[in-house]
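> Following this message is one structure expressed as structure tokens.
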Amino acid sequence: MSMLVLVCGNVFDGLSEALTGPAEILVDGNRIAKVERSVKRPPGAQVIDLSERTVSPGFIDTHVHLTMDAANLALQTLQSSAAKALKALSLAREYMSYGFTSLRDLGSVDPEWPTIDLRNALNSSLVKGPRLFVAAHIISASAGHGDLRGFYASRWTLPVSAIADDVGSIKALVRREHSFGSDWIKTANTGGYFSAGDDPARVTWFDDEMEALTSTARQLNMPVAVHTGAADGCKQAVRCGARSLEHAYLIDAEGLEMAERAGAYIVPTMQMTQEDLQELQAGTMPCQAVWKFRRDSDGILASQRLLAGSRVKIAYGTDCGMFPFSHGILEFQAMVKAGLSSVRALKAGTSVAAELLGRSDLGVLAPGKLADIVAMPGDPIADIGATAKVDFVMKDGAVYRATSGLARQNL
Ligand SMILES: [Zn+2]
């Protein structure tokens, strides 16, 4: 296996409250072997000079939709699963160049399994790109957020929604996700803003339905991610044992306390709120979203301030696919704008996200961890904007992006 030494000007290790200063990282194959002030160079080891850079664990985005193009959802439905998977691969690679070495995809709009096929191809190294964790479909009540028939009024029988309205059918959908290889169960227990015919202020699962979903997932050892908006929806998700609350747009103090006590993670998708505010101001927001977002935008920002003042576990997630992947890196800045410290934002995108994924071998720079490593000029704790300047990306010990003069592996 190849040996590599990274000479680092400064280090954010994923866990410390401050940068830990200059260091050298010895990479042996796909793992970090040593992180020390200086390491002995094994014969033949390649040395990469990052002495003008701050080095960090690879970033993790825990909420993307690689196969969903919000602007063209209806047209996209007519594409084959293979076409969606290939486009998704291209997006995943592009996104990795920003520093994202692991992604969790939270749902495709396809009767088949394009994100599962993509994950298998990536994780077996059949194709190169970020590692992927997948919830294939969004299980929902009819008239809930995952019921997409409203987007295809004239073709509403297209089998693109994973919807169920009784406990038996809900269990069957969870079991189907398991059979076909989903890592996670994704559900929505309230409506959303951009969807037609539902409302984030309304809870769409009855308690016994949500309980049937989460207990079936638990039996199959699958974690559950819940798209949720209303405070009552956030609380239902926590009560039923959700591992992550996605968006949690309108969570209140009681809901946050419940999440904290339960050890649930919040993925607050704060950049999306910034994108939505811009669209509202520019008058480009789709009409089905305008009345809901106008009603709730102050409430969403108030919930984000509560979140920043709490001690709940916050993980990095963007909802890219709903807006361009080129903006996903801005979540770090949106988190700080909402009042999180830059260190908490950096941990959200590294060690805390890895913990959410149940992967203790990711998100931290330490001996034994997988060598997913990025580097950027500047100090991201002093200026979170530095995260948008990543110019070195390594995944599994292989260099995917490097400033000129450094070794490269072609994708
Ligand atoms: Zn989403």
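Ordering of the structure tokens sets the chain letters (A, B, ...); residue numbers start at 1 within each chain; ligands are numbered from 1 in the order shown.
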Enumerate, in order of chain and increasing residue number, the residues of chain A with an atom no farther than 10 Å from ligand 1, each with its shortest atom pair and distance in Å to one decimal, counting only C-alpha atoms and all ligand atoms, as JSON lines.


{"residue": "A:Thr62", "atom": "CA", "partner": "ligand 1", "partner_atom_place_in_ligand_line": "1 (Zn)", "distance": 9.9}
{"residue": "A:His63", "atom": "CA", "partner": "ligand 1", "partner_atom_place_in_ligand_line": "1 (Zn)", "distance": 6.2}
{"residue": "A:Val64", "atom": "CA", "partner": "ligand 1", "partner_atom_place_in_ligand_line": "1 (Zn)", "distance": 6.4}
{"residue": "A:His65", "atom": "CA", "partner": "ligand 1", "partner_atom_place_in_ligand_line": "1 (Zn)", "distance": 6.5}
{"residue": "A:Met68", "atom": "CA", "partner": "ligand 1", "partner_atom_place_in_ligand_line": "1 (Zn)", "distance": 9.4}
{"residue": "A:Asp105", "atom": "CA", "partner": "ligand 1", "partner_atom_place_in_ligand_line": "1 (Zn)", "distance": 8.4}
{"residue": "A:Leu106", "atom": "CA", "partner": "ligand 1", "partner_atom_place_in_ligand_line": "1 (Zn)", "distance": 6.1}
{"residue": "A:Gly107", "atom": "CA", "partner": "ligand 1", "partner_atom_place_in_ligand_line": "1 (Zn)", "distance": 7.2}
{"residue": "A:Ser108", "atom": "CA", "partner": "ligand 1", "partner_atom_place_in_ligand_line": "1 (Zn)", "distance": 9.5}
{"residue": "A:Ile138", "atom": "CA", "partner": "ligand 1", "partner_atom_place_in_ligand_line": "1 (Zn)", "distance": 9.1}
{"residue": "A:Lys186", "atom": "CA", "partner": "ligand 1", "partner_atom_place_in_ligand_line": "1 (Zn)", "distance": 9.4}
{"residue": "A:Ala188", "atom": "CA", "partner": "ligand 1", "partner_atom_place_in_ligand_line": "1 (Zn)", "distance": 9.5}
{"residue": "A:Gly192", "atom": "CA", "partner": "ligand 1", "partner_atom_place_in_ligand_line": "1 (Zn)", "distance": 9.5}
{"residue": "A:Val226", "atom": "CA", "partner": "ligand 1", "partner_atom_place_in_ligand_line": "1 (Zn)", "distance": 9.6}
{"residue": "A:His227", "atom": "CA", "partner": "ligand 1", "partner_atom_place_in_ligand_line": "1 (Zn)", "distance": 7.1}
{"residue": "A:Glu246", "atom": "CA", "partner": "ligand 1", "partner_atom_place_in_ligand_line": "1 (Zn)", "distance": 7.5}
{"residue": "A:His247", "atom": "CA", "partner": "ligand 1", "partner_atom_place_in_ligand_line": "1 (Zn)", "distance": 8.3}
{"residue": "A:Thr269", "atom": "CA", "partner": "ligand 1", "partner_atom_place_in_ligand_line": "1 (Zn)", "distance": 8.9}
{"residue": "A:Gly317", "atom": "CA", "partner": "ligand 1", "partner_atom_place_in_ligand_line": "1 (Zn)", "distance": 9.0}
{"residue": "A:Thr318", "atom": "CA", "partner": "ligand 1", "partner_atom_place_in_ligand_line": "1 (Zn)", "distance": 7.9}
{"residue": "A:Asp319", "atom": "CA", "partner": "ligand 1", "partner_atom_place_in_ligand_line": "1 (Zn)", "distance": 4.6}
{"residue": "A:Cys320", "atom": "CA", "partner": "ligand 1", "partner_atom_place_in_ligand_line": "1 (Zn)", "distance": 7.7}
{"residue": "A:Gly321", "atom": "CA", "partner": "ligand 1", "partner_atom_place_in_ligand_line": "1 (Zn)", "distance": 8.1}
{"residue": "A:Met322", "atom": "CA", "partner": "ligand 1", "partner_atom_place_in_ligand_line": "1 (Zn)", "distance": 7.3}

> Kindly export the residues of the current selection with N, CA, C and O atoms, as a CSV table (one decimal), in the first residue's frame.


chain,number,residue,atom,x,y,z
A,62,THR,N,-25.1,15.6,5.3
A,62,THR,CA,-26.0,14.5,5.7
A,62,THR,C,-27.4,14.7,5.1
A,62,THR,O,-28.3,13.9,5.5
A,63,HIS,N,-27.5,15.6,4.2
A,63,HIS,CA,-28.9,15.7,3.6
A,63,HIS,C,-28.7,16.3,2.2
A,63,HIS,O,-28.7,17.5,1.9
A,64,VAL,N,-28.7,15.4,1.2
A,64,VAL,CA,-28.6,15.8,-0.2
A,64,VAL,C,-29.7,14.9,-1.0
A,64,VAL,O,-30.2,13.9,-0.5
A,65,HIS,N,-30.0,15.4,-2.2
A,65,HIS,CA,-30.8,14.6,-3.1
A,65,HIS,C,-30.1,14.6,-4.5
A,65,HIS,O,-30.4,15.5,-5.3
A,68,MET,N,-32.5,14.4,-7.5
A,68,MET,CA,-33.7,15.3,-7.6
A,68,MET,C,-33.3,16.7,-8.1
A,68,MET,O,-32.4,17.3,-7.5
A,105,ASP,N,-27.8,10.6,1.1
A,105,ASP,CA,-28.8,11.0,0.2
A,105,ASP,C,-30.2,10.6,0.8
A,105,ASP,O,-30.4,9.4,1.1
A,106,LEU,N,-31.1,11.5,0.9
A,106,LEU,CA,-32.3,11.3,1.7
A,106,LEU,C,-33.5,11.2,0.7
A,106,LEU,O,-34.6,11.7,1.1
A,107,GLY,N,-33.4,10.6,-0.4
A,107,GLY,CA,-34.6,10.3,-1.2
A,107,GLY,C,-34.5,10.7,-2.7
A,107,GLY,O,-34.1,11.7,-3.0
A,108,SER,N,-35.0,9.7,-3.5
A,108,SER,CA,-35.1,9.9,-4.9
A,108,SER,C,-36.6,9.9,-5.2
A,108,SER,O,-37.4,9.3,-4.5
A,138,ILE,N,-38.9,8.4,0.1
A,138,ILE,CA,-39.4,9.2,1.2
A,138,ILE,C,-40.8,8.6,1.6
A,138,ILE,O,-41.8,8.8,0.8
A,186,LYS,N,-36.2,7.1,5.5
A,186,LYS,CA,-36.6,8.6,5.4
A,186,LYS,C,-38.1,8.7,5.4
A,186,LYS,O,-38.8,8.0,4.6
A,188,ALA,N,-41.5,11.7,6.2
A,188,ALA,CA,-41.9,13.1,6.4
A,188,ALA,C,-43.1,13.0,7.3
A,188,ALA,O,-44.1,12.3,7.0
A,192,GLY,N,-44.1,20.4,3.6
A,192,GLY,CA,-42.9,21.2,3.3
A,192,GLY,C,-43.4,22.5,2.6
A,192,GLY,O,-44.5,22.7,2.3
A,226,VAL,N,-36.3,12.1,9.8
A,226,VAL,CA,-37.7,12.6,9.6
A,226,VAL,C,-37.6,14.0,9.1
A,226,VAL,O,-37.2,14.9,9.8
A,227,HIS,N,-38.2,14.3,7.9
A,227,HIS,CA,-38.4,15.6,7.5
A,227,HIS,C,-39.6,16.2,8.4
A,227,HIS,O,-40.6,15.5,8.5
A,246,GLU,N,-34.9,16.4,10.3
A,246,GLU,CA,-34.4,17.2,9.1
A,246,GLU,C,-35.2,18.5,9.1
A,246,GLU,O,-36.4,18.5,9.2
A,247,HIS,N,-34.5,19.6,8.9
A,247,HIS,CA,-35.1,20.9,8.9
A,247,HIS,C,-35.5,21.4,10.3
A,247,HIS,O,-35.0,22.4,10.8
A,269,THR,N,-30.5,22.6,7.9
A,269,THR,CA,-30.6,23.1,6.5
A,269,THR,C,-30.8,24.6,6.5
A,269,THR,O,-31.7,25.1,5.9
A,317,GLY,N,-26.2,19.5,7.0
A,317,GLY,CA,-27.0,19.0,5.9
A,317,GLY,C,-27.6,20.1,5.1
A,317,GLY,O,-27.9,21.2,5.7
A,318,THR,N,-27.8,20.0,3.8
A,318,THR,CA,-28.1,21.1,3.0
A,318,THR,C,-29.4,21.0,2.3
A,318,THR,O,-30.1,22.0,2.1
A,319,ASP,N,-29.8,19.8,1.9
A,319,ASP,CA,-31.0,19.6,0.9
A,319,ASP,C,-30.6,20.0,-0.5
A,319,ASP,O,-31.4,20.3,-1.3
A,320,CYS,N,-29.3,20.0,-0.8
A,320,CYS,CA,-28.8,20.2,-2.2
A,320,CYS,C,-29.6,19.3,-3.1
A,320,CYS,O,-29.7,18.1,-2.8
A,321,GLY,N,-29.9,19.8,-4.3
A,321,GLY,CA,-30.8,19.1,-5.2
A,321,GLY,C,-32.1,20.0,-5.3
A,321,GLY,O,-32.6,20.3,-6.3
A,322,MET,N,-32.5,20.5,-4.0
A,322,MET,CA,-33.5,21.5,-4.0
A,322,MET,C,-33.0,22.8,-4.4
A,322,MET,O,-33.7,23.7,-4.8

> Find the spatial neighbours of A:Lys347, counting only C-alpha atoms, within a cut-off of 7 Å - ignore same-chain residues fewer than 5 positions away - and output them as a PyMOL selection string.

chain A and resi 14-15+352

> Select, from A:Ser179, A:Gln304, A:Ser215, A:Thr204, the residue with the minimum atom-to-atom distance to A:Val267, counting only C-alpha atoms.

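Of all the options, A:Gln304 lies closest to A:Val267.
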
> For the alpha helix (DSSP H) assignment from backbone DSSP, which residues of stretch 200-236 of chain A qualify? Please present them as a list in words.

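In stretch 200-236 of chain A, DSSP puts these residues in alpha helix (DSSP H): Asp207, Asp208, Glu209, Met210, Glu211, Ala212, Leu213, Thr214, Ser215, Thr216, Ala217, Arg218, Gln219, Ala231, Asp232, Gly233, Cys234, Lys235 and Gln236 of chain A.
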
> Nearest to A:Asp361 among A:Asp396, A:Gly229, A:Leu4, A:Leu256, with distances taken over only C-alpha atoms: which residue is it?

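Smallest separation from A:Asp361 among the options: A:Asp396.
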
> Can you list, as a PyMOL selection string, every protein, DNA or RNA residue that comes within 6 Å of A:Ser182 when you count only C-alpha atoms, leaving out same-chain residues fewer than 4 positions away?

chain A and resi 134-136+177-178

> Here is a test: counting only C-alpha atoms, which residue of A:Arg104, A:Arg53, A:Arg119, A:Arg149 is nearest to A:Ala74?

A:Arg149

> Could you give me, as a CSV table (one decimal) with N, CA and C atoms, in the first residue's frame, the residues within 12 Å of stretch 196-198 of chain A, counting only C-alpha atoms and dropping anything in the same chain fewer than 4 positions from it?


chain,number,residue,atom,x,y,z
A,140,SER,N,-44.3,8.3,3.2
A,140,SER,CA,-45.1,9.4,3.6
A,140,SER,C,-46.6,8.9,3.6
A,141,ALA,N,-47.4,9.6,4.3
A,141,ALA,CA,-48.9,9.5,4.2
A,141,ALA,C,-49.3,10.1,2.8
A,142,SER,N,-50.4,9.6,2.3
A,142,SER,CA,-50.9,10.3,1.1
A,142,SER,C,-51.4,11.7,1.6
A,143,ALA,N,-51.2,12.7,0.8
A,143,ALA,CA,-51.4,14.1,1.1
A,143,ALA,C,-50.3,14.6,2.0
A,144,GLY,N,-49.3,13.8,2.3
A,144,GLY,CA,-48.1,14.2,3.0
A,144,GLY,C,-47.0,14.7,2.1
A,145,HIS,N,-45.9,15.0,2.7
A,145,HIS,CA,-44.8,15.7,1.9
A,145,HIS,C,-44.2,14.8,0.9
A,146,GLY,N,-44.3,13.5,1.1
A,146,GLY,CA,-43.7,12.5,0.1
A,146,GLY,C,-44.7,12.2,-1.0
A,147,ASP,N,-45.9,12.7,-0.9
A,147,ASP,CA,-47.0,12.4,-1.9
A,147,ASP,C,-46.8,13.4,-3.0
A,148,LEU,N,-46.1,13.0,-4.1
A,148,LEU,CA,-45.7,14.0,-5.1
A,148,LEU,C,-46.7,14.0,-6.3
A,149,ARG,N,-47.9,13.4,-6.1
A,149,ARG,CA,-48.8,13.4,-7.2
A,149,ARG,C,-49.3,14.8,-7.6
A,150,GLY,N,-49.2,15.7,-6.6
A,150,GLY,CA,-49.6,17.1,-6.9
A,150,GLY,C,-48.7,17.7,-8.0
A,151,PHE,N,-47.5,17.2,-8.1
A,151,PHE,CA,-46.6,17.8,-9.1
A,151,PHE,C,-47.0,17.3,-10.5
A,152,TYR,N,-47.7,16.2,-10.6
A,152,TYR,CA,-48.0,15.5,-11.9
A,152,TYR,C,-49.5,15.4,-12.1
A,153,ALA,N,-50.2,16.5,-11.9
A,153,ALA,CA,-51.7,16.4,-11.9
A,153,ALA,C,-52.3,15.5,-13.0
A,188,ALA,N,-41.5,11.7,6.2
A,188,ALA,CA,-41.9,13.1,6.4
A,188,ALA,C,-43.1,13.0,7.3
A,189,ASN,N,-43.1,13.7,8.4
A,189,ASN,CA,-44.3,13.7,9.3
A,189,ASN,C,-45.0,15.1,9.3
A,190,THR,N,-44.5,16.0,8.5
A,190,THR,CA,-45.2,17.2,8.2
A,190,THR,C,-45.1,17.6,6.8
A,191,GLY,N,-45.8,18.6,6.3
A,191,GLY,CA,-45.6,19.0,4.9
A,191,GLY,C,-44.3,19.8,4.8
A,192,GLY,N,-44.1,20.4,3.6
A,192,GLY,CA,-42.9,21.2,3.3
A,192,GLY,C,-43.4,22.5,2.6
A,202,ARG,N,-48.5,21.4,9.5
A,202,ARG,CA,-49.4,20.3,9.9
A,202,ARG,C,-48.7,19.0,10.0
A,203,VAL,N,-49.0,18.2,11.0
A,203,VAL,CA,-48.5,16.9,11.2
A,203,VAL,C,-49.3,15.9,10.3
A,204,THR,N,-48.7,15.1,9.6
A,204,THR,CA,-49.4,14.2,8.6
A,204,THR,C,-49.4,12.7,9.0
A,229,GLY,N,-41.4,19.9,10.3
A,229,GLY,CA,-41.5,21.3,10.4
A,229,GLY,C,-42.2,21.8,11.7
A,286,PRO,N,-41.8,29.7,-6.1
A,286,PRO,CA,-43.0,29.1,-6.7
A,286,PRO,C,-44.3,29.4,-5.9
A,287,CYS,N,-45.4,29.6,-6.5
A,287,CYS,CA,-46.6,30.1,-5.8
A,287,CYS,C,-47.0,29.3,-4.7
A,288,GLN,N,-46.8,27.9,-4.8
A,288,GLN,CA,-47.3,27.0,-3.7
A,288,GLN,C,-46.5,27.2,-2.5
A,289,ALA,N,-45.3,27.9,-2.6
A,289,ALA,CA,-44.4,28.0,-1.4
A,289,ALA,C,-44.6,29.4,-0.8
A,290,VAL,N,-45.0,30.4,-1.6
A,290,VAL,CA,-45.0,31.8,-1.1
A,290,VAL,C,-45.8,32.0,0.1
A,291,TRP,N,-47.0,31.5,0.1
A,291,TRP,CA,-47.9,31.8,1.3
A,291,TRP,C,-47.4,31.1,2.6
A,292,LYS,N,-46.8,29.9,2.4
A,292,LYS,CA,-46.4,29.2,3.6
A,292,LYS,C,-45.1,29.8,4.1

> In Å, rounded to a single decimal, give me how far atom CA of A:Asp391 is from atom CA of A:Glu94.

12.8 Å

> Tell me, as a list in words, which residues lie within 9 Å of A:Tyr95, counting only C-alpha atoms; anything in the same chain fewer than 6 positions away does not count.

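In the requested format, the answer is Thr101, Pro130, Phe325, Ser326, Gly328 and Ile329 of chain A.
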
> Env of A:Lys87: 12 Å cut, atoms = only C-alpha atoms, seq-sep filter 2 positions within chain, self excluded. Answer as a list of chain:residue names.

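Once the nearby chain positions are removed, what remains is A:His65, A:Leu66, A:Thr67, A:Met68, A:Asp69, A:Gln76, A:Gln79, A:Ser80, A:Ser81, A:Ala82, A:Ala83, A:Lys84, A:Ala85, A:Leu89, A:Ser90, A:Leu91, A:Ala92, A:Arg93, A:Glu94, A:Pro114, A:Thr115, A:Leu118, A:Gly321.
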
> Pull C-alpha atoms from the residues just selected and write them as an mmCIF file, in the first residue's frame.


data_model
loop_
_atom_site.group_PDB
_atom_site.id
_atom_site.type_symbol
_atom_site.label_atom_id
_atom_site.label_comp_id
_atom_site.auth_asym_id
_atom_site.auth_seq_id
_atom_site.Cartn_x
_atom_site.Cartn_y
_atom_site.Cartn_z
ATOM 1 C CA HIS A 65 -30.828 14.627 -3.104
ATOM 2 C CA LEU A 66 -28.441 13.648 -5.881
ATOM 3 C CA THR A 67 -31.211 12.433 -8.179
ATOM 4 C CA MET A 68 -33.684 15.269 -7.634
ATOM 5 C CA ASP A 69 -33.612 18.445 -9.673
ATOM 6 C CA GLN A 76 -37.112 14.467 -14.633
ATOM 7 C CA GLN A 79 -35.998 9.943 -17.269
ATOM 8 C CA SER A 80 -34.804 6.414 -16.654
ATOM 9 C CA SER A 81 -33.290 5.446 -13.313
ATOM 10 C CA ALA A 82 -29.961 4.912 -15.075
ATOM 11 C CA ALA A 83 -29.988 8.464 -16.440
ATOM 12 C CA LYS A 84 -30.678 9.780 -12.936
ATOM 13 C CA ALA A 85 -27.890 7.692 -11.418
ATOM 14 C CA LEU A 89 -22.562 10.509 -10.093
ATOM 15 C CA SER A 90 -21.459 13.616 -11.933
ATOM 16 C CA LEU A 91 -22.989 15.860 -9.218
ATOM 17 C CA ALA A 92 -21.430 13.785 -6.432
ATOM 18 C CA ARG A 93 -17.974 14.155 -7.969
ATOM 19 C CA GLU A 94 -18.440 17.872 -8.489
ATOM 20 C CA PRO A 114 -30.936 4.738 -8.586
ATOM 21 C CA THR A 115 -29.258 5.997 -5.412
ATOM 22 C CA LEU A 118 -24.947 4.581 -7.230
ATOM 23 C CA GLY A 321 -30.839 19.101 -5.188
#

> Run DSSP on the backbone and tell me which residues of stretch 46-91 of chain A come out as strand (DSSP E); list them as a list in words.

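Selection result, strand (DSSP E) within stretch 46-91 of chain A: Gln46, Val47, Ile48, Asp49, Leu50, Ser51, Glu52, Arg53, Thr54, Val55, Ser56, Pro57, Phe59, Ile60, Asp61, Thr62, His63 and Val64 of chain A.
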
> For A:Gly363, find every residue with an atom within 10 Å (counting only C-alpha atoms), except residues of its own chain fewer than 2 positions away, and show them as a ChimeraX atom specification.

/A:13-15,56-60,101-102,347-355,359-361,365-366,369-373

> Here is a test: counting only C-alpha atoms, which residue of A:Arg344, A:Arg31, A:Arg294, A:Arg131 is nearest to A:Leu277?

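When distances to A:Leu277 are compared using only C-alpha atoms, the smallest one comes from A:Arg294.
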
> Between A:Leu280, A:Pro22, A:Gly397, A:Val109, single out the one closest to A:Leu75, counting only C-alpha atoms.

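Once distances to A:Leu75 are computed over only C-alpha atoms, the minimum belongs to A:Val109.
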
> From the options A:Val393, A:Val127, A:Leu78, A:Ala230, which residue's atoms come nearest to A:Asp199, counting only C-alpha atoms?

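Selected residue with least distance to A:Asp199: A:Ala230.
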
> Could you jot down the atom CA of A:Val55 to atom CA of A:Asp379 separation for me, Å, one decimal place?

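These atoms are spaced 9.6 Å apart.
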
> When you draw a straight line from atom CA of A:Met96 to atom CA of A:Cys8, how long is it in Å?

20.5 Å
